[in-house]
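This is entry.cif. It holds mmCIF, C-alpha atoms and all ligand atoms.
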data_query
#
loop_
_atom_site.label_atom_id
_atom_site.label_comp_id
_atom_site.auth_asym_id
_atom_site.auth_seq_id
_atom_site.Cartn_x
_atom_site.Cartn_y
_atom_site.Cartn_z
CA MET A 337 -73.13 25.22 47.57
CA LYS A 338 -74.53 24.52 44.09
CA ARG A 339 -77.52 22.32 44.64
CA CYS A 340 -80.05 21.50 47.37
CA THR A 341 -83.34 19.69 47.83
CA ILE A 342 -86.02 21.06 50.16
CA ARG A 343 -88.81 18.87 51.56
CA VAL A 344 -91.99 20.72 52.58
CA PRO A 345 -95.00 19.13 54.31
CA ALA A 346 -98.61 19.49 53.22
CA THR A 347 -100.70 21.73 55.45
CA THR A 348 -104.35 22.10 56.31
CA ALA A 349 -105.39 25.67 57.11
CA ASN A 350 -108.28 27.15 59.11
CA LEU A 351 -109.26 23.95 61.02
CA GLY A 352 -112.87 25.16 61.01
CA PRO A 353 -113.17 28.43 62.95
CA GLY A 354 -109.50 29.49 62.75
CA PHE A 355 -109.91 31.22 59.40
CA ASP A 356 -106.60 32.57 58.04
CA ALA A 357 -104.97 31.83 61.42
CA PHE A 358 -104.77 28.12 62.33
CA GLY A 359 -102.84 25.51 60.40
CA CYS A 360 -101.35 22.05 60.81
CA ALA A 361 -98.56 20.24 58.97
CA LEU A 362 -99.26 16.74 57.63
CA LYS A 363 -97.08 13.81 56.58
CA LEU A 364 -97.31 14.28 52.82
CA TYR A 365 -94.57 16.14 50.99
CA THR A 366 -93.42 18.13 48.02
CA ASP A 367 -89.67 17.96 47.35
CA VAL A 368 -88.06 20.68 45.27
CA THR A 369 -84.44 20.62 44.03
CA PHE A 370 -82.60 23.84 43.11
CA GLU A 371 -79.37 23.80 41.13
CA GLU A 372 -77.60 27.02 40.22
CA THR A 373 -76.45 27.29 36.59
CA GLU A 374 -74.70 29.92 34.50
CA ALA A 375 -77.90 31.39 33.05
CA GLY A 376 -81.60 30.80 32.35
CA LEU A 377 -84.49 29.11 34.11
CA GLU A 378 -85.45 25.46 33.67
CA ILE A 379 -88.35 23.93 35.58
CA THR A 380 -89.07 20.19 35.36
CA GLY A 381 -91.28 17.64 37.10
CA CYS A 382 -94.55 19.52 36.66
CA ASP A 383 -97.12 20.34 33.97
CA GLU A 384 -95.79 22.64 31.27
CA ALA A 385 -98.23 25.31 32.45
CA PHE A 386 -96.14 25.65 35.64
CA THR A 387 -92.72 25.94 33.96
CA CYS A 388 -92.82 29.73 33.45
CA PRO A 389 -91.13 32.41 35.60
CA ASP A 390 -94.40 32.86 37.55
CA ASN A 391 -93.90 29.42 39.15
CA LEU A 392 -94.27 30.05 42.89
CA ALA A 393 -91.04 28.23 43.78
CA TYR A 394 -89.16 30.54 41.42
CA THR A 395 -90.93 33.74 42.47
CA SER A 396 -90.15 33.15 46.14
CA TYR A 397 -86.58 32.07 45.21
CA CYS A 398 -86.16 35.44 43.46
CA ALA A 399 -87.84 37.35 46.31
CA VAL A 400 -85.35 35.94 48.83
CA LEU A 401 -82.38 36.77 46.59
CA ALA A 402 -83.76 40.30 46.18
CA SER A 403 -84.04 40.71 49.93
CA LEU A 404 -80.40 39.58 50.24
CA SER A 405 -79.46 42.06 47.48
CA GLU A 406 -77.99 39.13 45.54
CA GLU A 407 -78.23 38.62 41.79
CA VAL A 408 -80.44 35.91 40.32
CA ARG A 409 -78.22 33.62 38.27
CA GLY A 410 -79.51 30.68 36.24
CA VAL A 411 -81.33 27.94 38.10
CA LYS A 412 -82.73 24.47 37.39
CA ILE A 413 -85.75 23.64 39.53
CA HIS A 414 -87.11 20.10 39.74
CA ILE A 415 -90.46 19.62 41.47
CA ASP A 416 -91.51 16.26 42.91
CA ALA A 417 -94.98 17.03 44.25
CA ASN A 418 -97.03 14.55 46.25
CA ILE A 419 -99.30 17.28 47.63
CA PRO A 420 -102.35 17.47 45.34
CA ILE A 421 -102.50 20.76 43.44
CA CYS A 422 -105.17 23.35 44.17
CA ARG A 423 -107.05 21.09 46.59
CA GLY A 424 -106.70 22.94 49.91
CA LEU A 425 -103.68 21.03 51.21
CA GLY A 426 -101.05 23.74 50.93
CA SER A 427 -99.53 22.93 47.53
CA SER A 428 -98.92 26.62 46.72
CA ALA A 429 -97.50 27.37 50.16
CA ALA A 430 -95.17 24.37 49.78
CA LEU A 431 -93.70 25.83 46.59
CA LEU A 432 -93.28 29.27 48.18
CA VAL A 433 -91.56 27.76 51.22
CA ALA A 434 -89.33 25.55 49.07
CA GLY A 435 -88.26 28.46 46.87
CA ALA A 436 -87.49 30.68 49.84
CA MET A 437 -85.50 27.99 51.66
CA GLY A 438 -83.74 26.89 48.47
CA ALA A 439 -82.46 30.40 47.72
CA ASN A 440 -81.44 30.96 51.32
CA VAL A 441 -79.56 27.65 51.59
CA LEU A 442 -77.73 28.12 48.26
CA ARG A 443 -76.53 31.58 49.33
CA GLY A 444 -75.24 30.70 52.78
CA SER A 445 -78.38 30.51 55.00
CA LYS A 446 -78.22 34.18 56.04
CA LEU A 447 -81.95 34.53 56.74
CA SER A 448 -83.81 33.01 59.69
CA THR A 449 -87.03 31.01 59.30
CA GLN A 450 -88.91 34.07 60.57
CA GLY A 451 -87.24 36.15 57.85
CA LEU A 452 -88.32 33.64 55.19
CA LEU A 453 -91.85 33.59 56.63
CA ASN A 454 -91.98 37.41 56.42
CA ILE A 455 -91.02 37.36 52.75
CA THR A 456 -93.38 34.56 51.72
CA ASN A 457 -96.27 35.93 53.76
CA ALA A 458 -95.99 39.22 51.88
CA MET A 459 -96.44 37.17 48.69
CA GLU A 460 -99.25 34.85 49.88
CA GLY A 461 -101.22 37.36 51.97
CA HIS A 462 -102.03 35.04 54.88
CA PRO A 463 -99.67 32.87 56.95
CA ASP A 464 -101.94 29.96 57.92
CA ASN A 465 -100.43 27.44 55.47
CA LEU A 466 -96.94 28.95 55.39
CA ALA A 467 -96.37 28.88 59.16
CA PRO A 468 -96.97 25.13 59.71
CA ALA A 469 -95.08 24.38 56.47
CA PHE A 470 -92.03 26.18 57.93
CA TYR A 471 -92.38 25.13 61.58
CA GLY A 472 -94.35 21.84 61.53
CA GLY A 473 -97.10 20.83 63.98
CA LEU A 474 -100.13 22.90 64.90
CA THR A 475 -99.72 26.65 64.57
CA ALA A 476 -101.72 29.82 65.06
CA SER A 477 -100.54 32.99 63.40
CA MET A 478 -101.44 36.65 63.46
CA VAL A 479 -100.25 39.48 61.26
CA ASP A 480 -99.15 42.46 63.30
CA ASN A 481 -97.94 45.64 61.60
CA GLY A 482 -97.71 43.65 58.39
CA LEU A 483 -95.49 40.93 59.87
CA PRO A 484 -96.56 37.39 60.74
CA VAL A 485 -96.21 36.16 64.31
CA THR A 486 -96.59 32.40 64.83
CA VAL A 487 -96.88 30.17 67.88
CA ASN A 488 -96.95 26.37 68.02
CA PHE A 489 -99.65 24.66 70.08
CA PRO A 490 -99.35 21.24 71.71
CA LEU A 491 -101.12 18.52 69.81
CA HIS A 492 -102.21 15.02 70.83
CA PRO A 493 -100.10 12.68 68.66
CA ASP A 494 -102.83 10.16 67.79
CA TRP A 495 -105.12 12.26 65.64
CA GLU A 496 -105.78 11.00 62.15
CA PHE A 497 -106.59 13.64 59.56
CA LEU A 498 -108.60 11.74 56.95
CA ALA A 499 -108.60 13.98 53.88
CA LEU A 500 -111.37 13.49 51.33
CA VAL A 501 -109.88 14.84 48.11
CA PRO A 502 -112.22 15.31 45.13
CA ASP A 503 -111.44 14.98 41.44
CA PHE A 504 -111.95 18.73 40.84
CA ASP A 505 -109.85 21.68 41.94
CA LEU A 506 -110.93 24.96 43.52
CA PRO A 507 -108.67 27.99 43.06
CA THR A 508 -108.27 29.90 46.33
CA PRO A 509 -109.13 33.29 44.73
CA LEU A 510 -112.52 31.87 43.69
CA ALA A 511 -113.08 30.37 47.15
CA ARG A 512 -112.27 33.78 48.71
CA SER A 513 -114.42 35.72 46.24
CA VAL A 514 -117.63 34.26 47.71
CA LEU A 515 -116.86 35.49 51.26
CA PRO A 516 -118.57 38.60 52.63
CA THR A 517 -116.37 41.56 53.53
CA GLU A 518 -118.34 42.23 56.73
CA ILE A 519 -119.88 39.85 59.25
CA PRO A 520 -122.23 40.24 62.24
CA ARG A 521 -120.58 40.63 65.63
CA SER A 522 -122.34 37.46 66.80
CA ASP A 523 -120.50 35.48 64.11
CA ALA A 524 -117.15 36.95 65.17
CA VAL A 525 -117.83 35.99 68.79
CA TYR A 526 -118.91 32.50 67.69
CA ASN A 527 -115.62 31.93 65.87
CA ILE A 528 -113.40 33.30 68.63
CA ALA A 529 -115.02 30.97 71.18
CA HIS A 530 -115.06 27.93 68.91
CA GLY A 531 -111.48 28.54 67.79
CA ALA A 532 -110.15 28.53 71.35
CA MET A 533 -112.00 25.26 72.02
CA VAL A 534 -110.59 23.65 68.87
CA LEU A 535 -107.03 24.29 70.05
CA LYS A 536 -107.73 22.79 73.49
CA ALA A 537 -109.56 19.77 72.04
CA LEU A 538 -106.67 19.09 69.64
CA GLU A 539 -104.22 19.27 72.53
CA LEU A 540 -106.22 16.95 74.79
CA GLY A 541 -107.27 14.41 72.18
CA ASP A 542 -110.92 15.16 73.08
CA GLU A 543 -112.88 14.05 70.02
CA ARG A 544 -116.27 15.04 71.41
CA LEU A 545 -115.15 18.58 72.23
CA LEU A 546 -113.44 18.84 68.85
CA ARG A 547 -116.59 17.71 67.02
CA ASN A 548 -118.65 20.38 68.77
CA ALA A 549 -116.05 23.14 68.53
CA MET A 550 -115.11 22.59 64.90
CA GLN A 551 -117.83 24.81 63.49
CA ASP A 552 -117.49 28.07 61.72
CA ARG A 553 -119.43 31.11 60.59
CA LEU A 554 -116.76 33.04 58.69
CA HIS A 555 -116.18 30.99 55.55
CA GLN A 556 -117.49 27.43 55.32
CA ASN A 557 -121.18 28.24 54.82
CA TYR A 558 -120.35 30.59 51.98
CA ARG A 559 -118.08 28.07 50.29
CA LYS A 560 -120.49 25.12 50.41
CA SER A 561 -122.09 26.12 47.11
CA LEU A 562 -118.72 25.56 45.36
CA ILE A 563 -118.60 21.95 46.59
CA PRO A 564 -121.87 20.24 45.66
CA ASP A 565 -121.31 17.15 47.87
CA PHE A 566 -120.36 19.20 50.96
CA GLU A 567 -123.58 18.92 52.99
CA ARG A 568 -124.16 15.23 52.26
CA ILE A 569 -120.59 14.35 53.26
CA GLU A 570 -120.78 16.52 56.38
CA ALA A 571 -124.00 14.78 57.47
CA LEU A 572 -122.39 11.36 56.92
CA VAL A 573 -119.19 12.23 58.81
CA ARG A 574 -121.17 13.65 61.73
CA THR A 575 -122.89 10.26 62.21
CA THR A 576 -119.44 8.70 62.84
CA GLY A 577 -118.42 10.95 65.72
CA ALA A 578 -115.46 12.47 63.85
CA ALA A 579 -114.88 16.22 63.66
CA PHE A 580 -115.38 17.76 60.23
CA CYS A 581 -114.20 20.85 58.37
CA LEU A 582 -113.15 22.23 55.03
CA SER A 583 -109.40 21.89 54.50
CA GLY A 584 -108.11 25.40 53.81
CA ALA A 585 -110.17 27.01 51.08
CA GLY A 586 -111.25 23.55 49.87
CA PRO A 587 -112.35 21.59 48.00
CA THR A 588 -110.77 18.87 50.19
CA LEU A 589 -112.94 17.97 53.18
CA LEU A 590 -111.28 16.86 56.39
CA CYS A 591 -112.38 14.38 59.05
CA ILE A 592 -110.36 14.48 62.27
CA THR A 593 -110.62 11.41 64.42
CA LEU A 594 -108.99 9.00 66.86
CA ASP A 595 -110.94 6.11 65.31
CA PRO A 596 -108.59 3.91 63.21
CA HIS A 597 -111.61 2.44 61.37
CA LEU A 598 -113.13 5.69 60.10
CA GLU A 599 -111.79 5.23 56.56
CA GLU A 600 -113.41 1.82 56.12
CA LYS A 601 -116.68 3.07 57.62
CA LEU A 602 -116.84 5.96 55.16
CA ALA A 603 -115.64 3.87 52.19
CA LYS A 604 -118.80 1.78 52.39
CA LYS A 605 -121.16 4.77 52.27
CA LEU A 606 -119.42 7.61 50.45
CA PRO A 607 -119.88 6.55 46.79
CA ALA A 608 -123.65 6.23 47.24
CA ILE A 609 -124.11 9.87 48.32
CA THR A 610 -121.61 11.76 46.16
CA GLN A 611 -121.47 13.08 42.60
CA ALA A 612 -117.70 13.65 42.38
CA ASN A 613 -115.05 10.98 42.97
CA TRP A 614 -113.49 11.45 46.40
CA GLU A 615 -110.12 9.89 47.20
CA MET A 616 -109.55 9.15 50.88
CA MET A 617 -106.06 10.05 52.14
CA PRO A 618 -105.33 9.11 55.77
CA LEU A 619 -102.78 11.67 56.98
CA PHE A 620 -100.99 12.18 60.28
CA VAL A 621 -99.43 15.19 61.93
CA GLU A 622 -95.94 16.18 60.80
CA PHE A 623 -94.21 17.77 63.77
CA GLN A 624 -91.16 18.81 61.73
CA GLY A 625 -91.31 21.72 59.29
CA ALA A 626 -89.63 22.19 55.93
CA ARG A 627 -86.07 20.90 55.82
CA VAL A 628 -83.04 20.37 53.60
CA ILE A 629 -82.88 16.70 52.59
CA ALA A 630 -79.89 16.93 50.21
CA ALA A 631 -77.17 19.52 49.61
CA GLU A 632 -73.90 19.49 47.72
N1 LIG B 1 -107.13 30.64 54.97
C1 LIG B 1 -107.13 30.52 53.55
C2 LIG B 1 -108.55 30.50 53.04
C3 LIG B 1 -106.44 29.24 53.17
O1 LIG B 1 -109.37 29.82 53.66
O2 LIG B 1 -108.85 31.15 52.05
C4 LIG B 1 -106.20 29.11 51.73
O3 LIG B 1 -104.97 29.62 51.38
#

Rewrite the coordinates I just gave you, this time as structure tokens.
Amino acid sequence: MKRCTIRVPATTANLGPGFDAFGCALKLYTDVTFEETEAGLEITGCDEAFTCPDNLAYTSYCAVLASLSEEVRGVKIHIDANIPICRGLGSSAALLVAGAMGANVLRGSKLSTQGLLNITNAMEGHPDNLAPAFYGGLTASMVDNGLPVTVNFPLHPDWEFLALVPDFDLPTPLARSVLPTEIPRSDAVYNIAHGAMVLKALELGDERLLRNAMQDRLHQNYRKSLIPDFERIEALVRTTGAAFCLSGAGPTLLCITLDPHLEEKLAKKLPAITQANWEMMPLFVEFQGARVIAAE
């Protein structure tokens, strides 16, 4: 096979208390096409800044070939990204997943999805976006002896994930740099208990339980200062009855609801309380993970 296109869903990580562990795939996609050539690297479809060999799709492509002990020949990579970049919706994980799957498919699909997750997790450092991008749906992951272990959880199909995406980005390393390296035991207990409740509420479609459970003491409070509108938007969303959290490392904020009118309710009030411009993106759960959509 010479050429393939991989479609990878957006993902929201953490889901409040499930820091570095929970994630969910959403119906918004980045498609990446890989075509083997005689020599060289050509990357199109993205800003010039992302056309170098450190492009994540290419680095994971090379990592998979290295693990197969296969040579890297030339490759043309075309990126068609609908996932907003550096906004907390899994754009980096999508490129890593696409590169890993692209290399594997072009060289005969010798590695399993778990094998590809192992390789990309070693590059990313935490599996919470990668796992739902590979498997779809709602996932929880742990890293045991350096290897990621993922399980899927049942999820009520009617949830709407209304993403509020600002006009500024927030690099994940910056969003992680503000986190403390140690936390009180009471905060650890708080997150374990709330995390378990979040999973059950998402399964049952229990919006009230989700609203109460979706609170966190490991990361969100520390990250608020990087997102000036955070507290005003949180207060507004909490008046609607929806659950609220930071999407991944931010800056996207996420409302999770069963109310089909939440977007119009927020649209009336949001501009009056915010400094940044916030685009509302109604998203729904993607139960299928990354897949090959074209191959020849
Ligand atoms: N769990 C990660 C974080 C997600 O919150 O930093 C971003 O990759």

Hey, which of A:Thr348, A:Ser583, A:Ser428, A:Gln450 ends up closest to Leu362 in chain A? Count all atoms listed in the file.
->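 Among A:Thr348, A:Ser583, A:Ser428, A:Gln450, it is A:Thr348 that comes nearest to Leu362 in chain A.
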
Between chain A and ligand LIG 1 (chain B), at 8 Å or less, what are the per-residue closest atom pairs and their distances in Å? Count all atoms listed in the file, order by chain and rising residue number, and return it as a Markdown table.
| residue | atom | partner | partner_atom | distance |
| --- | --- | --- | --- | --- |
| A:Ala349 | CA | B:LIG1 | C3 | 5.4 |
| A:Asn350 | CA | B:LIG1 | N1 | 5.5 |
| A:Phe355 | CA | B:LIG1 | N1 | 5.3 |
| A:Asp356 | CA | B:LIG1 | N1 | 3.7 |
| A:Ala357 | CA | B:LIG1 | N1 | 6.9 |
| A:Gly424 | CA | B:LIG1 | C4 | 6.5 |
| A:Gly426 | CA | B:LIG1 | O3 | 7.1 |
| A:Ala429 | CA | B:LIG1 | O3 | 7.9 |
| A:Glu460 | CA | B:LIG1 | O3 | 7.9 |
| A:His462 | CA | B:LIG1 | N1 | 6.7 |
| A:Asp464 | CA | B:LIG1 | N1 | 6.0 |
| A:Asn465 | CA | B:LIG1 | O3 | 6.5 |
| A:Thr508 | CA | B:LIG1 | C4 | 5.8 |
| A:Pro509 | CA | B:LIG1 | O2 | 7.6 |
| A:Ala511 | CA | B:LIG1 | O2 | 6.5 |
| A:Arg512 | CA | B:LIG1 | O2 | 5.5 |
| A:His555 | CA | B:LIG1 | O1 | 7.2 |
| A:Ser583 | CA | B:LIG1 | O1 | 8.0 |
| A:Gly584 | CA | B:LIG1 | C3 | 4.2 |
| A:Ala585 | CA | B:LIG1 | O1 | 3.9 |
| A:Gly586 | CA | B:LIG1 | O1 | 7.6 |

To box range 488-496 of chain A, take all atoms listed in the file, fit an axis-aligned box, add 4 Å on each side, and give centre and edge lengths in Å to one decimal, as lines of an AutoDock Vina configuration file.
center_x = -101.4
center_y = 18.3
center_z = 66.9
size_x = 16.8
size_y = 24.2
size_z = 17.6

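Neighbouring residues of Leu589 in chain A at 6 Å or closer, counting all atoms listed in the file and skipping chain neighbours under 4 positions away, are A:Ala499, A:Leu500, A:Leu582, A:Ser583.
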
Using only C-alpha atoms, determine which residues lie at most 10 Å from Thr387 in chain A, disregarding the query and same-chain residues fewer than 5 positions distant; provide the list as a list in words.
->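 The residues that qualify are Leu377, Glu378, Ile379, Thr380, Gly381, Cys382, Leu392, Tyr394, Ile413 and His414 of chain A.
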
Output C-alpha atoms of each residue in that selection to a file, as a short mmCIF file (atom, residue, chain, number, x, y, z; two decimals), keeping the file's coordinate frame.
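Produced file again.cif, reproduced below:
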data_model
loop_
_atom_site.label_atom_id
_atom_site.label_comp_id
_atom_site.auth_asym_id
_atom_site.auth_seq_id
_atom_site.Cartn_x
_atom_site.Cartn_y
_atom_site.Cartn_z
CA LEU A 377 -84.49 29.11 34.11
CA GLU A 378 -85.45 25.46 33.67
CA ILE A 379 -88.35 23.93 35.58
CA THR A 380 -89.07 20.19 35.36
CA GLY A 381 -91.28 17.64 37.10
CA CYS A 382 -94.55 19.52 36.66
CA LEU A 392 -94.27 30.05 42.89
CA TYR A 394 -89.16 30.54 41.42
CA ILE A 413 -85.75 23.64 39.53
CA HIS A 414 -87.11 20.10 39.74
#

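Distances from A:Met337, A:Ala532, A:Leu474, A:Met437 to Gly359 in chain A were compared using all atoms listed in the file, and the smallest one belongs to A:Leu474.
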
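Using all atoms listed in the file for every distance, the candidate list A:Ala361, A:Thr395, A:Leu540, A:Arg443 yields A:Ala361 as the residue closest to Ala476 in chain A.
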
Measuring atom to atom with all atoms listed in the file, identify which of A:Ile592, A:Val368, A:Leu545, A:Leu572 is nearest to Ala608 in chain A.
->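 Counting all atoms listed in the file, the residue closest to Ala608 in chain A is A:Leu572.
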
Pick from A:Met616, A:Leu506, A:Leu554, A:Leu546, whichever lies nearest to Val525 in chain A using all atoms listed in the file = A:Leu554

If you count all atoms listed in the file, which residues fall within 12 Å of Gly444 in chain A, apart from same-chain ones fewer than 2 positions away, as a PyMOL selection string?
-> chain A and resi 337-340+401+404+406+437-442+446-448+631

Within 10 Å of range 621-627 of chain A, which residues of range 408-517 of chain A come that close, and what is the closest atom pair and distance in Å for each? Count only C-alpha atoms and give it as a tab-separated table.
residue	atom	partner	partner_atom	distance
A:Ala430	CA	A:Ala626	CA	8.6
A:Val433	CA	A:Ala626	CA	7.5
A:Ala434	CA	A:Ala626	CA	7.6
A:Met437	CA	A:Arg627	CA	8.2
A:Gly438	CA	A:Arg627	CA	9.8
A:Thr449	CA	A:Ala626	CA	9.8
A:Leu466	CA	A:Gly625	CA	10.0
A:Ala467	CA	A:Gly625	CA	8.8
A:Pro468	CA	A:Gly625	CA	6.6
A:Ala469	CA	A:Gly625	CA	5.4
A:Phe470	CA	A:Gly625	CA	4.7
A:Tyr471	CA	A:Gly625	CA	4.2
A:Gly472	CA	A:Gly625	CA	3.8
A:Gly473	CA	A:Phe623	CA	4.2
A:Leu474	CA	A:Phe623	CA	7.9
A:Asn488	CA	A:Phe623	CA	10.0
A:Leu491	CA	A:Val621	CA	8.7
A:His492	CA	A:Val621	CA	9.3
A:Pro493	CA	A:Val621	CA	7.2
A:Asp494	CA	A:Val621	CA	8.4
A:Trp495	CA	A:Val621	CA	7.4
A:Glu496	CA	A:Val621	CA	7.6
A:Phe497	CA	A:Val621	CA	7.7

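The residue that comes closest to Gly541 in chain A, out of A:Met617, A:Ala578, A:Leu431, A:Val408 and on the basis of all atoms listed in the file, is A:Ala578.
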
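Taking CA of Arg553 in chain A as the reference point, CA of Thr517 in chain A is found at 13.0 Å.
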
CA of Val628 in chain A to CA of Ala346 in chain A, distance in Å rounded to a single decimal |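 If I compute the distance from CA of Val628 in chain A to CA of Ala346 in chain A, I get 15.6 Å.
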
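Near Asn418 in chain A, within 10 Å and counting only C-alpha atoms, sit Pro345, Ala346, Leu364, Tyr365, Thr366, Asp367, Ile415, Ile421 and Ser427 of chain A; same-chain residues fewer than 3 positions away were not included.
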
Need the neighbours of (-120.8, 10.8, 45.4): which residues are at most 12 Å away, counting all atoms listed in the file, as a list in words?
-> Leu500, Val501, Pro502, Asp503, Ile563, Pro564, Asp565, Phe566, Glu567, Arg568, Ile569, Leu572, Leu602, Ala603, Lys604, Lys605, Leu606, Pro607, Ala608, Ile609, Thr610, Gln611, Ala612, Asn613, Trp614 and Glu615 of chain A

In Å, how far is it from CA of Leu619 in chain A to CA of Pro420 in chain A?
->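 It comes out at 13.0 Å.
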
Tell me, as a list in words, which residues lie within 8 Å of range 454-459 of chain A, counting all atoms listed in the file; anything in the same chain fewer than 6 positions away does not count.
-> Ser396, Ala399, Val400, Leu432, Val433, Ala436, Leu466, Leu483 and Pro484 of chain A
